[in-house]
Each structure stands twice: as C-alpha cells, then as structure tokens.
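entry_39.txt, holding compact mmCIF, C-alpha atoms and all ligand atoms:
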# COMPACT_ATOMS: atom_id res chain seq x y z
CA MET A 997 126.49 116.78 128.03
CA TYR A 998 128.81 118.45 125.50
CA GLU A 999 125.87 119.62 123.39
CA ALA A 1000 124.31 121.27 126.43
CA VAL A 1001 127.54 123.14 127.10
CA ARG A 1002 127.88 124.19 123.45
CA GLU A 1003 124.33 125.52 123.66
CA ARG A 1004 125.10 127.47 126.83
CA HIS A 1005 128.20 128.97 125.21
CA SER A 1006 126.41 130.02 122.05
CA THR A 1007 127.01 133.63 123.06
CA LEU A 1008 130.74 133.04 122.40
CA ARG A 1009 131.66 134.60 119.08
CA SER A 1010 132.23 131.61 116.78
CA GLN A 1011 135.88 132.49 116.12
CA ASP A 1012 136.56 132.50 119.87
CA ALA A 1013 135.79 128.82 120.29
CA ALA A 1014 136.86 127.78 116.79
CA VAL A 1015 140.54 128.02 117.75
CA LEU A 1016 139.94 125.32 120.38
CA GLU A 1017 139.38 122.82 117.54
CA ASP A 1018 143.13 122.95 116.80
CA PRO A 1019 144.86 124.47 119.82
CA VAL A 1020 148.27 123.00 118.91
CA GLY A 1021 148.28 124.42 115.37
CA GLU A 1022 146.88 127.75 116.56
CA SER A 1023 149.62 128.03 119.22
CA LEU A 1024 152.44 126.95 116.89
CA ARG A 1025 151.39 129.46 114.23
CA GLY A 1026 150.81 132.22 116.79
CA HIS A 1027 151.95 132.77 120.37
CA HIS A 1028 154.50 129.92 120.33
CA ALA A 1029 155.98 130.55 116.86
CA GLY A 1030 159.35 131.13 118.53
CA LEU A 1031 159.30 127.57 119.96
CA ALA A 1032 158.23 125.95 116.68
CA ARG A 1033 159.89 124.08 113.82
CA ARG A 1034 158.18 124.54 110.44
CA LEU A 1035 158.30 123.09 106.96
CA GLY A 1036 155.76 124.32 104.41
CA GLN A 1037 152.50 124.52 106.32
CA ALA A 1038 153.50 121.80 108.82
CA ALA A 1039 154.64 122.79 112.30
CA ALA A 1040 155.89 121.08 115.45
CA TYR A 1041 157.29 122.18 118.77
CA LEU A 1042 161.03 121.93 119.38
CA PRO A 1043 161.54 118.39 120.73
CA GLU A 1044 162.63 119.47 124.25
CA VAL A 1045 159.54 121.70 124.51
CA ALA A 1046 156.76 119.31 123.45
CA SER A 1047 156.11 116.38 121.10
CA PHE A 1048 152.96 118.01 119.71
CA SER A 1049 152.80 118.62 116.01
CA ALA A 1050 150.24 120.00 113.60
CA PRO A 1051 149.83 119.27 109.92
CA SER A 1052 148.67 122.11 107.70
CA PRO A 1053 145.04 123.14 108.31
CA ALA A 1054 144.19 121.61 104.89
CA ALA A 1055 146.23 118.40 105.54
CA GLY A 1056 146.53 117.06 101.99
CA SER A 1057 149.06 114.33 101.18
CA ALA A 1058 151.86 116.85 100.42
CA ASP A 1059 151.26 118.41 103.84
CA TRP A 1060 151.61 115.05 105.59
CA SER A 1061 154.92 114.43 103.82
CA ASP A 1062 156.08 117.92 104.89
CA LEU A 1063 155.29 117.01 108.50
CA ALA A 1064 157.05 113.63 108.13
CA ARG A 1065 160.16 115.37 106.73
CA LEU A 1066 160.03 117.99 109.46
CA LEU A 1067 159.91 115.37 112.24
CA GLY A 1068 162.30 112.89 110.62
CA ARG A 1069 162.02 109.16 109.93
CA GLY A 1070 160.43 107.00 112.66
CA ALA A 1071 159.71 110.06 114.84
CA PHE A 1072 156.89 110.29 117.37
CA ALA A 1073 154.08 112.66 116.45
CA ASP A 1074 151.57 113.55 119.15
CA MET A 1075 148.50 114.91 117.39
CA PHE A 1076 145.78 115.11 119.96
CA SER A 1077 144.53 118.45 118.84
CA ARG A 1078 143.12 117.67 115.40
CA ARG A 1079 140.81 115.04 114.03
CA ALA A 1080 142.71 114.79 110.69
CA THR A 1081 144.00 111.27 110.12
CA PRO A 1082 147.50 110.74 108.71
CA PRO A 1083 148.18 108.43 105.73
CA PRO A 1084 148.17 104.66 106.44
CA ASP A 1085 151.98 104.38 106.55
CA TRP A 1086 151.98 106.45 109.76
CA GLU A 1087 152.04 103.81 112.50
CA PRO A 1088 149.52 104.38 115.32
CA VAL A 1089 151.33 104.40 118.70
CA PHE A 1090 148.52 105.14 121.12
CA ILE A 1091 144.94 106.31 121.28
CA MET A 1092 143.16 107.59 124.39
CA GLU A 1093 139.81 109.27 124.92
CA GLY A 1094 139.67 112.55 126.77
CA ARG A 1095 137.80 115.78 127.06
CA GLN A 1096 138.47 119.47 126.67
CA MET A 1097 137.16 121.64 129.50
CA ILE A 1098 136.75 125.40 129.46
CA TRP A 1099 136.18 128.17 131.94
CA PRO A 1100 132.68 129.58 131.41
CA GLY A 1101 132.69 133.09 129.96
CA GLY A 1102 132.09 135.87 132.42
CA ARG A 1103 132.71 133.79 135.53
CA PRO A 1104 135.35 135.31 137.84
CA VAL A 1105 137.76 133.11 139.75
CA GLN A 1106 137.87 133.30 143.56
CA ALA A 1107 139.47 136.65 144.40
CA ARG A 1108 141.95 135.12 146.85
CA ALA A 1109 143.41 132.91 144.09
CA ALA A 1110 145.05 135.94 142.48
CA ILE A 1111 146.97 136.79 145.66
CA ASP A 1112 147.91 133.30 146.90
CA THR A 1113 151.36 133.98 148.37
CA GLY A 1114 152.16 130.32 149.09
CA LEU A 1115 152.84 129.60 145.45
CA VAL A 1116 156.26 129.92 143.83
CA GLU A 1117 157.04 130.59 140.20
CA LEU A 1118 159.11 127.76 138.71
CA GLY A 1119 161.86 128.23 136.14
CA ALA A 1120 164.87 126.59 134.51
CA ALA A 1121 166.59 125.92 137.85
CA ASP A 1122 163.57 123.89 139.00
CA VAL A 1123 163.42 121.60 135.95
CA PRO A 1124 165.05 118.52 137.60
CA GLU A 1125 162.48 118.68 140.43
CA MET A 1126 159.62 119.28 138.00
CA LEU A 1127 160.68 116.28 135.90
CA ASP A 1128 160.93 114.16 139.06
CA LEU A 1129 157.43 115.19 140.20
CA VAL A 1130 156.03 114.47 136.73
CA ALA A 1131 157.70 111.04 136.71
CA ARG A 1132 156.07 110.24 140.06
CA THR A 1133 152.59 111.53 139.19
CA GLN A 1134 152.18 111.14 135.38
CA PRO A 1135 150.00 114.22 134.67
CA GLY A 1136 150.78 113.98 130.94
CA PRO A 1137 153.70 114.81 128.68
CA PHE A 1138 156.32 117.18 130.09
CA TRP A 1139 159.89 117.80 128.87
CA SER A 1140 162.95 119.79 129.94
CA ARG A 1141 161.82 123.01 128.19
CA THR A 1142 158.03 122.66 128.53
CA HIS A 1143 158.08 125.37 131.21
CA GLU A 1144 159.08 127.90 128.51
CA LEU A 1145 155.53 127.65 127.11
CA GLY A 1146 154.16 129.81 129.94
CA THR A 1147 154.10 130.39 133.68
CA TYR A 1148 154.57 127.35 135.94
CA LEU A 1149 153.66 127.59 139.61
CA GLY A 1150 154.59 125.22 142.41
CA ILE A 1151 154.06 124.51 146.10
CA ARG A 1152 157.00 123.55 148.29
CA THR A 1153 156.80 121.78 151.64
CA GLY A 1154 160.01 121.72 153.66
CA GLY A 1155 161.78 123.01 150.54
CA ARG A 1156 160.61 120.05 148.44
CA LEU A 1157 158.38 120.56 145.38
CA VAL A 1158 155.13 118.69 146.14
CA ALA A 1159 152.71 120.16 143.58
CA MET A 1160 152.77 122.15 140.37
CA ALA A 1161 150.72 123.30 137.39
CA GLY A 1162 151.39 125.57 134.46
CA GLU A 1163 150.38 127.18 131.20
CA ARG A 1164 150.82 125.22 127.97
CA LEU A 1165 148.96 125.85 124.68
CA ARG A 1166 148.06 129.46 123.80
CA PRO A 1167 145.53 129.61 120.95
CA PRO A 1168 144.33 133.22 120.48
CA GLY A 1169 142.23 134.33 123.44
CA TRP A 1170 142.84 131.17 125.51
CA THR A 1171 145.50 129.58 127.72
CA GLU A 1172 145.64 125.88 128.51
CA ILE A 1173 146.33 124.86 132.11
CA SER A 1174 148.46 121.73 132.18
CA ALA A 1175 150.91 119.55 134.13
CA VAL A 1176 148.59 119.67 137.16
CA CYS A 1177 150.10 117.25 139.65
CA THR A 1178 150.54 116.67 143.37
CA ALA A 1179 152.95 114.19 144.95
CA PRO A 1180 151.00 111.16 146.29
CA GLU A 1181 151.96 111.97 149.91
CA ALA A 1182 150.65 115.56 149.59
CA ARG A 1183 147.25 114.91 147.99
CA GLY A 1184 143.87 115.93 149.36
CA ARG A 1185 145.15 119.19 150.87
CA GLY A 1186 143.86 121.51 148.16
CA HIS A 1187 147.24 122.03 146.46
CA ALA A 1188 145.95 121.35 142.94
CA ALA A 1189 142.87 123.48 143.54
CA ARG A 1190 145.03 126.43 144.63
CA LEU A 1191 147.42 126.10 141.70
CA VAL A 1192 144.70 125.79 139.05
CA SER A 1193 142.75 128.69 140.59
CA ALA A 1194 145.84 130.92 140.66
CA LEU A 1195 146.67 130.14 137.04
CA ALA A 1196 143.05 130.72 135.99
CA ALA A 1197 143.14 134.10 137.75
CA ARG A 1198 146.29 135.07 135.84
CA VAL A 1199 144.75 134.01 132.53
CA LEU A 1200 141.50 135.88 133.17
CA ALA A 1201 143.45 138.97 134.27
CA ARG A 1202 144.91 139.28 130.78
CA ASN A 1203 141.45 138.91 129.23
CA GLU A 1204 141.95 135.36 128.07
CA ARG A 1205 140.05 132.25 129.13
CA PRO A 1206 141.48 129.07 130.65
CA PHE A 1207 140.91 125.64 129.15
CA LEU A 1208 142.44 122.24 129.73
CA HIS A 1209 142.52 118.64 128.57
CA VAL A 1210 142.02 115.57 130.72
CA ALA A 1211 141.82 111.82 130.09
CA GLU A 1212 138.29 110.42 130.33
CA THR A 1213 139.46 107.83 132.89
CA ASN A 1214 140.90 110.51 135.21
CA THR A 1215 137.74 110.92 137.25
CA ALA A 1216 139.57 112.51 140.22
CA ALA A 1217 140.94 115.30 138.05
CA ILE A 1218 137.63 115.82 136.20
CA ALA A 1219 135.83 116.12 139.55
CA LEU A 1220 138.41 118.65 140.75
CA TYR A 1221 138.10 120.78 137.60
CA GLU A 1222 134.29 120.67 137.74
CA ARG A 1223 134.35 121.71 141.39
CA LEU A 1224 136.54 124.67 140.45
CA GLY A 1225 134.04 125.72 137.77
CA PHE A 1226 135.33 124.24 134.49
CA GLU A 1227 132.77 122.79 132.09
CA SER A 1228 133.25 120.06 129.49
CA ARG A 1229 133.25 121.53 125.98
CA THR A 1230 134.03 118.62 123.72
CA GLN A 1231 135.35 115.10 123.50
CA VAL A 1232 138.97 114.80 122.34
CA THR A 1233 140.90 111.77 121.12
CA PHE A 1234 144.56 111.87 122.10
CA ARG A 1235 146.49 110.11 119.31
CA GLY A 1236 150.16 109.42 118.76
CA PHE A 1237 151.77 108.16 115.53
CA ARG A 1238 155.22 107.21 114.30
CA THR A 1239 156.28 108.79 111.02
CA PRO A 1240 157.15 106.45 108.12
C1 LIG B 1301 144.45 115.16 140.36
C2 LIG B 1301 145.46 115.69 141.36
C3 LIG B 1301 146.31 116.74 140.66
C4 LIG B 1301 144.73 116.30 142.55
O1 LIG B 1301 145.69 116.89 143.41
P1 LIG B 1301 145.36 117.32 144.93
O2 LIG B 1301 146.38 118.32 145.33
O3 LIG B 1301 145.16 116.14 145.76
O4 LIG B 1301 143.95 118.03 144.69
P2 LIG B 1301 143.11 118.83 145.75
O5 LIG B 1301 143.54 118.48 147.13
O6 LIG B 1301 143.14 120.25 145.36
O7 LIG B 1301 141.67 118.26 145.47
C5 LIG B 1301 141.46 116.87 145.54
C6 LIG B 1301 140.08 116.56 146.07
O8 LIG B 1301 140.05 115.20 146.50
C7 LIG B 1301 139.89 115.13 147.90
N1 LIG B 1301 140.77 114.13 148.51
C8 LIG B 1301 140.65 113.67 149.74
N2 LIG B 1301 141.61 112.77 150.00
C9 LIG B 1301 142.34 112.66 148.92
C10 LIG B 1301 143.49 111.90 148.59
N3 LIG B 1301 144.07 111.04 149.45
N4 LIG B 1301 144.03 112.05 147.37
C11 LIG B 1301 143.46 112.91 146.50
N5 LIG B 1301 142.38 113.65 146.76
C12 LIG B 1301 141.83 113.52 147.96
C13 LIG B 1301 140.24 116.49 148.38
O9 LIG B 1301 139.62 116.75 149.60
C14 LIG B 1301 139.72 117.36 147.29
O10 LIG B 1301 138.33 117.44 147.32
P3 LIG B 1301 137.62 118.78 147.83
O11 LIG B 1301 138.03 119.87 146.87
O12 LIG B 1301 136.16 118.44 147.73
O13 LIG B 1301 138.11 118.99 149.21
C15 LIG B 1301 146.37 114.57 141.91
O14 LIG B 1301 145.56 113.47 142.31
C16 LIG B 1301 147.41 114.07 140.91
O15 LIG B 1301 148.55 114.54 140.88
N6 LIG B 1301 147.06 113.07 140.08
C17 LIG B 1301 147.99 112.50 139.12
C18 LIG B 1301 148.31 113.48 137.99
C19 LIG B 1301 147.06 113.87 137.23
O16 LIG B 1301 146.25 113.04 136.88
N7 LIG B 1301 146.93 115.18 136.93
C20 LIG B 1301 145.81 115.71 136.19
C21 LIG B 1301 146.12 115.70 134.74
S1 LIG B 1301 144.78 116.40 133.78

Let's see the structure in the file written out as structure tokens.
Amino acid sequence: MYEAVRERHSTLRSQDAAVLEDPVGESLRGHHAGLARRLGQAAAYLPEVASFSAPSPAAGSADWSDLARLLGRGAFADMFSRRATPPPDWEPVFIMEGRQMIWPGGRPVQARAAIDTGLVELGAADVPEMLDLVARTQPGPFWSRTHELGTYLGIRTGGRLVAMAGERLRPPGWTEISAVCTAPEARGRGHAARLVSALAARVLARNERPFLHVAETNTAAIALYERLGFESRTQVTFRGFRTP
C-alpha cells in the first residue's frame, strides 16, 4: 500500500517528502526553534510543549550523549520521528506501530471548510478544558503549552468544549494535524471531520501540505482520515526511551 502511494507521489520533489522522514528534527531546527532546547546537534522541545526529541541527523555516540545531557538523567525521550536507535543503556519505555498520512498534492479541500464559522480558535485560557478533553479521549500526547505549536480549533456545545484538533509539527512545506479528539458523547456528528478539514484548508492556503500520524490500531481514525482524502505514506514506529 505504502509503495503504491510513494509511486503516485513520485512527482513530489524529493526534498519535499524527505523532511517527513524526520519531522521532529526538521521542526525543532526550523519553524519551532523558539520552542526548542539544544545541546550540540541534539534538540528537544521545552518539556511543557512536547516530549519529542531529536538526536543529531548523524546520531553518533557523542550525539546520543549530548541528547542525554540535554534531557537529564532518567528523562523520557519520545523519538517517534526517526529510525535511529539509541545506545543500549537507553531503556525502552514503549513501542507502537503507526502510519504517517499525507494530503495528496494538488487536491483542494472542500471549499466550505475554510469558512466554517462554528469553530473557535483555542488559546491559553482554554488549556484546562483542552487537557480535560485529551484526558477523556487519549488522542496522543498533549501538554499545557502544546497549543503554542500552531493553531488549535475547537467545537463547543452549550459552552462546553466537545471536540478539538490542531497543528503540531512544522517541517518545511508541511504542517502536522494532531490532537484530533471528540468527547465520547459527541461522536458521530462530523465534529472531527469539520475540524480536520478546516485545519487542512488553513495549511493549504499558506501553500503547505497537511500530514498526520495515527496508531495502526486506531481504525476509526484511519477510516475518517481516508474518507477526508488523506493517503498513507509510510509506516512509522512510535518509540519512547528513558535516558541513562
Ligand atoms: C476518531 C475521532 C476523533 C472521531 O471523532 P468524531 O467527531 O466522532 O468523527 P466524525 O463524526 O467526524 O466521523 C466519525 C465517523 O464515524 C461515524 N460514526 C457513527 N457513529 C459513531 C459513533 N458513535 N462514534 C464515532 N463515530 C461514529 C460517523 O458517522 C462518521 O462517519 P461518516 O463520515 O461516514 O459519517 C473520535 O472517535 C475520538 O476522539 N477518538 C479518540 C481520540 C483519537 O483516537 N483521535 C485520533 C488520534 S490520531
């Protein structure tokens, strides 16, 4: 399946898709440099923003010790975005199979998504509600300052936040759509579809392309993204480690 998609996207200039091989490192060294901690070539997000970290692109042993020093002793390192394996004294914490999905080049999003007036932009004042919704729905990692990575949109019913989604990683030319979640009592009403479509419209409007990551077991979300037009690009292994 992934090969077929690669084939279909062969018109993409190679550097366009190459950044999707290390979206965390590309974001930390680029668009999100202001939200990064760095030591040598190693980089990681500020802890309240995200637990993602990236060793140097070369990832030799000195680079791994830079990353370990940057994060501190016994710290959690979420390294889903690269296949590089840390030294054996880094304790594996979890491993989970997933996939990276991308918006096909040249495909426009539904025109009405760009003018969906039922969506609200979420900010610092909404963080307690966002954290509560994330705790109830488990869309993936989300912290008190994650919303600073990009635009987060929500849907309120009776004043209560029932669904949200937002922008996370920003490798050059791409924006990741993330934290897609709907409260259990509000599912099946098209909330997630509206939010993802609106975010995709915003991304495309600035001449970037949307992409996202999803766990392989999350068949409901994969079906939703496929229905909206996303295609699977590659398999990804989400991996977390504890530093020595
Ligand atoms: C995946 C998720 C975001 C979908 O949210 P949602 O607002 O229900 O999504 P939508 O209503 O836009 O689309 C869901 C689809 O399932 C259908 N559906 C019907 N009943 C449903 C129900 N009780 N629950 C969920 N979906 C239902 C909907 O009709 C829709 O299909 P359609 O587009 O063919 O009509 C939501 O289930 C969720 O929060 N899951 C947990 C967090 C998560 O896994 N997030 C994704 C991380 S990558």

* **Close residues, Pro1088 in chain A itself excluded, 12 Å, only C-alpha atoms, min 3 positions apart in chain, as a ChimeraX atom specification** => /A:1070-1075,1081-1085,1091-1092,1234-1240

Interface rows for range 1035-1102 of chain A against range 1016-1024 of chain A: nearest pair, Å to one decimal, 9 Å, all atoms listed in the file, as a Markdown table:
| residue | atom | partner | partner_atom | distance |
| --- | --- | --- | --- | --- |
| A:Ala1038 | CA | A:Gly1021 | CA | 8.8 |
| A:Ala1039 | CA | A:Leu1024 | CA | 6.6 |
| A:Ala1040 | CA | A:Leu1024 | CA | 7.0 |
| A:Tyr1041 | CA | A:Leu1024 | CA | 7.1 |
| A:Phe1048 | CA | A:Val1020 | CA | 6.9 |
| A:Ser1049 | CA | A:Val1020 | CA | 6.9 |
| A:Ala1050 | CA | A:Gly1021 | CA | 5.1 |
| A:Pro1051 | CA | A:Gly1021 | CA | 7.7 |
| A:Ser1052 | CA | A:Gly1021 | CA | 8.0 |
| A:Pro1053 | CA | A:Gly1021 | CA | 7.9 |
| A:Met1075 | CA | A:Val1020 | CA | 8.2 |
| A:Phe1076 | CA | A:Val1020 | CA | 8.3 |
| A:Ser1077 | CA | A:Asp1018 | CA | 5.1 |
| A:Arg1078 | CA | A:Asp1018 | CA | 5.5 |
| A:Arg1079 | CA | A:Glu1017 | CA | 8.7 |
| A:Gln1096 | CA | A:Leu1016 | CA | 8.7 |

Please produce a file of those selected residues containing C-alpha atoms, as a compact mmCIF listing (two decimals), keeping the file's coordinate frame.
# COMPACT_ATOMS: atom_id res chain seq x y z
CA ALA A 1038 153.50 121.80 108.82
CA ALA A 1039 154.64 122.79 112.30
CA ALA A 1040 155.89 121.08 115.45
CA TYR A 1041 157.29 122.18 118.77
CA PHE A 1048 152.96 118.01 119.71
CA SER A 1049 152.80 118.62 116.01
CA ALA A 1050 150.24 120.00 113.60
CA PRO A 1051 149.83 119.27 109.92
CA SER A 1052 148.67 122.11 107.70
CA PRO A 1053 145.04 123.14 108.31
CA MET A 1075 148.50 114.91 117.39
CA PHE A 1076 145.78 115.11 119.96
CA SER A 1077 144.53 118.45 118.84
CA ARG A 1078 143.12 117.67 115.40
CA ARG A 1079 140.81 115.04 114.03
CA GLN A 1096 138.47 119.47 126.67

If the box runs along x, y and z of the file and leaves 3 Å on each side of ligand LIG 1301 (chain B), what are its centre and edge lengths in Å, one decimal, as JSON?
{"center_x": 142.4, "center_y": 115.6, "center_z": 141.9, "size_x": 18.4, "size_y": 15.2, "size_z": 22.2}

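Between CA of Arg1202 in chain A and CA of Leu1149 in chain A the interatomic distance comes to 17.1 Å.
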
* Hey, which residues come within 9 Å of ligand LIG 1301 (chain B) if we count only C-alpha atoms and all ligand atoms? Could you give them as an MDAnalysis selection string? -> chainID A and resid 1129:1130 1132:1136 1158:1161 1173:1192 1208:1211 1214:1221 1223:1224

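Taking CA of Asp1059 in chain A as the reference point, CA of Arg1164 in chain A is found at 25.1 Å.
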
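The two atoms in question, CA of Asp1112 in chain A and CA of Ala1013 in chain A, are spaced 29.6 Å apart.
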
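Using all atoms listed in the file, the shortest contact distance between Asp1062 in chain A and any of A:Ala1197, A:Leu1115, A:Leu1035, A:Gln1231 is found at A:Leu1035.
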
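Comparing the minimum interatomic distances between Gly1162 in chain A and each of A:Ala1131, A:Val1116, A:Ala1054, A:Ala1121, counting all atoms listed in the file, we find that A:Val1116 sits nearest.
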